[in-house]
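I have placed the structure first, in the form of structure tokens, so that the comments after it can refer back to it.
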Amino acid sequence: MNIPESKLPRVVIVGGGFAGVSMAKSLANKNVQVVLIDKRNYHTFQPLLYQVSSAGLEPDSIAYPLRKIIKNHKHTYFRLTEVEEIDANKKIIHTDIGTLTFDYLILATGTKTNYFGNKTIEAHSMPMKKVPQALNIRSLILQNFESAAVSNNKADREALLNFVIVGGGPTGVELAGAIAELKNHILPRDYKDIDANRMQIHLLEGNARVLPPMSEHASKKAEQFLHKLGVKVHCNTFVKDYDGKTVTTNSDLVLQSETLIWAAGVTGRPVKGLDAKVVMEHSNRYKVNRYNQVEGYDSIFALGDIALMETEAFPKGHPQVAQPAIQQGKLLGKNLLRLIDKKPLKEFIYNDKGSMATVGRNKAVVDLKHYKFAGFFAWFVWMFVHLMSLVGFRNRVIVFFNWTYNYINFDKAARLIIRPYNKK
């Protein structure tokens with residue numbers, strides 16, 4: 001892999017998401033050699049993927065080159081590859097471009113879409129975990145509009161204009177609100193030959209309320225906002241099957257739709273090679289101790305979404321969102337230096353800064369430890385936090401300009417079919 005030999009301890013970080021980048025930054029210019037590995041050469045700000053899907057932002061607004069992040073870090077290297085297997089005894093990783101030895105291995109491989117074993121849904125639905133997938137959804141939505149504009153068949157036209165989103169968590173709620181704004185502001189202006197009232201957006205959630213991880217106050221407000229936007233919310237409803245045309249559920253609800261977007265859950269992405277006992281069967285996450293060490297391994301660690309750390313406050317592990325990943329990455333960087341210096345390690349304690357979700361223009365919900373609020377101020381807080389969390393000054397400027405333009409003009413400027421999507 002052409003990594004220079006060094007007397008410094010070699011730390012290999014697998015994954016350039018929030019956890020991996022946080023870890024790399026915490027080891028910047030320290031007395032260790034760092035090798036950051038990812039199968040993509042950019043970091044994705046996943047909380048705003050839904051805005052790429054709904055034509056609000058271009059992908060380069062929420063993606064940032066990994067090499068640019070580490071360009072001023074001494075003894076730090078990046079390799080574009082995917083880890084295929086770990087040999088823990090020999091401390092070697094096998095990749096599609098070669099092998100690499102390590103002194104310490106950090107697994108921050110994140111998650112992938114969880115279809116709960118339903119192969120038919122997996123084959124026909126649209127996931128939204130990566131930038132290319134978000135672009136596929138954007139293209140499909142716009143292609144559906146174009147097809148509906150020329151269709152003479154009422155049933156076909158309505159199936160093209162029916163959008164089903166499965167999963168009422170933050171991703172599903174935010175995407176439903178964004179597509180509703182396309183219906184309310186873009187469709188009547190760009191597609192005058194389509195009756196915008198025929199377009200329907202259905203949000204299906206298996207629990208009794210949307211945003212189940214958040215407070216009941218947030219759920220109630222979010223559902224009210226969705227109803228105002230024209231989204232049809234179906235709680236206690238889960239999809240049993242989808243063949244690319246017909247959505248069947250556990251109730252009498254049957255929907256005809258050309259587009260089903262799957263936001264109903266994730267599962268871990270473990271790497272082959274470690275003892276199967278350390279991968280928790282129900283979540284595919286590595287079981288780790290309070291220092292993020294993978295159970296049974298002194299020099300292998302797991303961070304973020306792929307790590308399951310059972311604590312009294314979080315018996316099922318920390319939420320699979322950005323903040324635990326970022327905080328774990330920062331602490332592990334410091335702990336690794338302590339480990340090298342043979343100093344005692346510090347246990348990870350998650351600082352829950354709250355949660356939030358936006359439903360659309362002037363509509364958001366925020367849950368803080370002692371305060372919960374919704375509406376315009378919550379929306380403003382949501383925008384500020386996400387803007388400041390983006391990697392890179394350029395991305396912040398571009399996103400801020402786009403949001404300002406969209407707010408003033410009720411517009412979404414990125415409605416381009418750059419790469420047509422072909423349903424199989």
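Chain lettering (A, B, ...) mirrors the order of the structure tokens, residue numbering begins at 1 for each chain separately, and ligand numbering begins at 1 in order of display.
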
Contacts of Leu308 (chain A) within 12 Å, only C-alpha atoms, excl. fewer than 4 positions in-chain, as JSON, numbers by chain
{"A": [108, 110, 267, 268, 270, 278, 279, 280, 281, 282, 283, 284, 285, 286, 287, 288, 289, 290, 291, 292, 293, 294, 295, 301, 302, 303, 304, 314, 315, 316, 317, 318, 319, 320, 324, 325, 328]}

Enumerate the residues of region 183-406 of chain A with a DSSP assignment of strand (DSSP E or B), computed from the backbone, and present them as number ranges by chain.
A: 200-204, 231-234, 239-242, 246-249, 254-256, 259-262, 266-268, 279-280, 285-288, 293-294, 300-302, 307-309, 355-360, 363-367, 372-374

Find the nearest atom pair between each residue of region 32-91 of chain A and region 167-190 of chain A for residues within 9 Å, count only C-alpha atoms, give distances in Å to one decimal, sort rows by chain and ascending number, and present the table as CSV.
```
residue,atom,partner,partner_atom,distance
A:Pro47,CA,A:Thr171,CA,7.7
A:Leu49,CA,A:Thr171,CA,8.8
A:Tyr50,CA,A:Leu175,CA,5.5
A:Gln51,CA,A:Ala178,CA,7.2
A:Ser53,CA,A:Leu175,CA,8.0
A:Ser54,CA,A:Ile179,CA,6.0
A:Ala55,CA,A:Leu182,CA,8.6
A:Gly56,CA,A:Ala178,CA,8.3
```

So that I can check the surroundings of region 201-215 of chain A, please list as a CSV table (one decimal) with C-alpha atoms, in the first residue's frame every protein, DNA and RNA residue that reaches within 8 Å of it, counting only C-alpha atoms and ignoring chain neighbours fewer than 5 positions away.
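The resulting file, result_36.csv, is shown below:
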```
chain,number,residue,atom,x,y,z
A,162,ASN,CA,-47.4,8.6,-5.2
A,163,PHE,CA,-44.3,8.7,-3.0
A,164,VAL,CA,-44.1,6.3,-0.1
A,165,ILE,CA,-41.5,6.8,2.6
A,166,VAL,CA,-41.0,4.0,5.1
A,167,GLY,CA,-39.6,5.0,8.5
A,168,GLY,CA,-40.8,7.9,10.6
A,169,GLY,CA,-37.5,8.7,12.3
A,170,PRO,CA,-35.7,11.9,11.6
A,172,GLY,CA,-38.1,9.9,7.0
A,173,VAL,CA,-39.8,12.9,8.6
A,176,ALA,CA,-41.3,13.7,3.7
A,179,ILE,CA,-40.8,16.3,-0.9
A,180,ALA,CA,-44.0,18.0,0.3
A,220,LYS,CA,-46.9,15.5,18.1
A,222,ALA,CA,-43.8,17.0,13.8
A,223,GLU,CA,-47.0,15.1,12.9
A,230,GLY,CA,-50.1,17.6,3.1
A,231,VAL,CA,-48.2,14.4,4.1
A,232,LYS,CA,-50.4,11.4,5.0
A,233,VAL,CA,-48.9,9.8,8.1
A,234,HIS,CA,-49.7,6.2,8.9
A,235,CYS,CA,-48.5,5.0,12.3
A,236,ASN,CA,-48.5,1.4,13.6
A,237,THR,CA,-48.0,0.5,9.9
A,238,PHE,CA,-45.2,-1.5,8.4
A,239,VAL,CA,-44.5,-2.7,4.9
A,264,ALA,CA,-36.8,2.2,8.3
A,355,SER,CA,-31.8,15.9,19.3
A,367,ASP,CA,-35.4,18.3,22.3
```

Min atom-atom distance to His43 (chain A) from the set A:Gly16, A:Pro59, A:Gly244, A:Gly360, counting only C-alpha atoms, belongs to A:Gly16

Kindly indicate which residue among A:Arg40, A:Lys342, A:His386, A:Arg394 lies nearest to Thr109 (chain A), using only C-alpha atoms for the distances.
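So, comparing all the options, the nearest one is A:Arg40.
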
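Distance-wise, CA of Ile306 (chain A) and CA of Thr111 (chain A) end up 6.6 Å apart.
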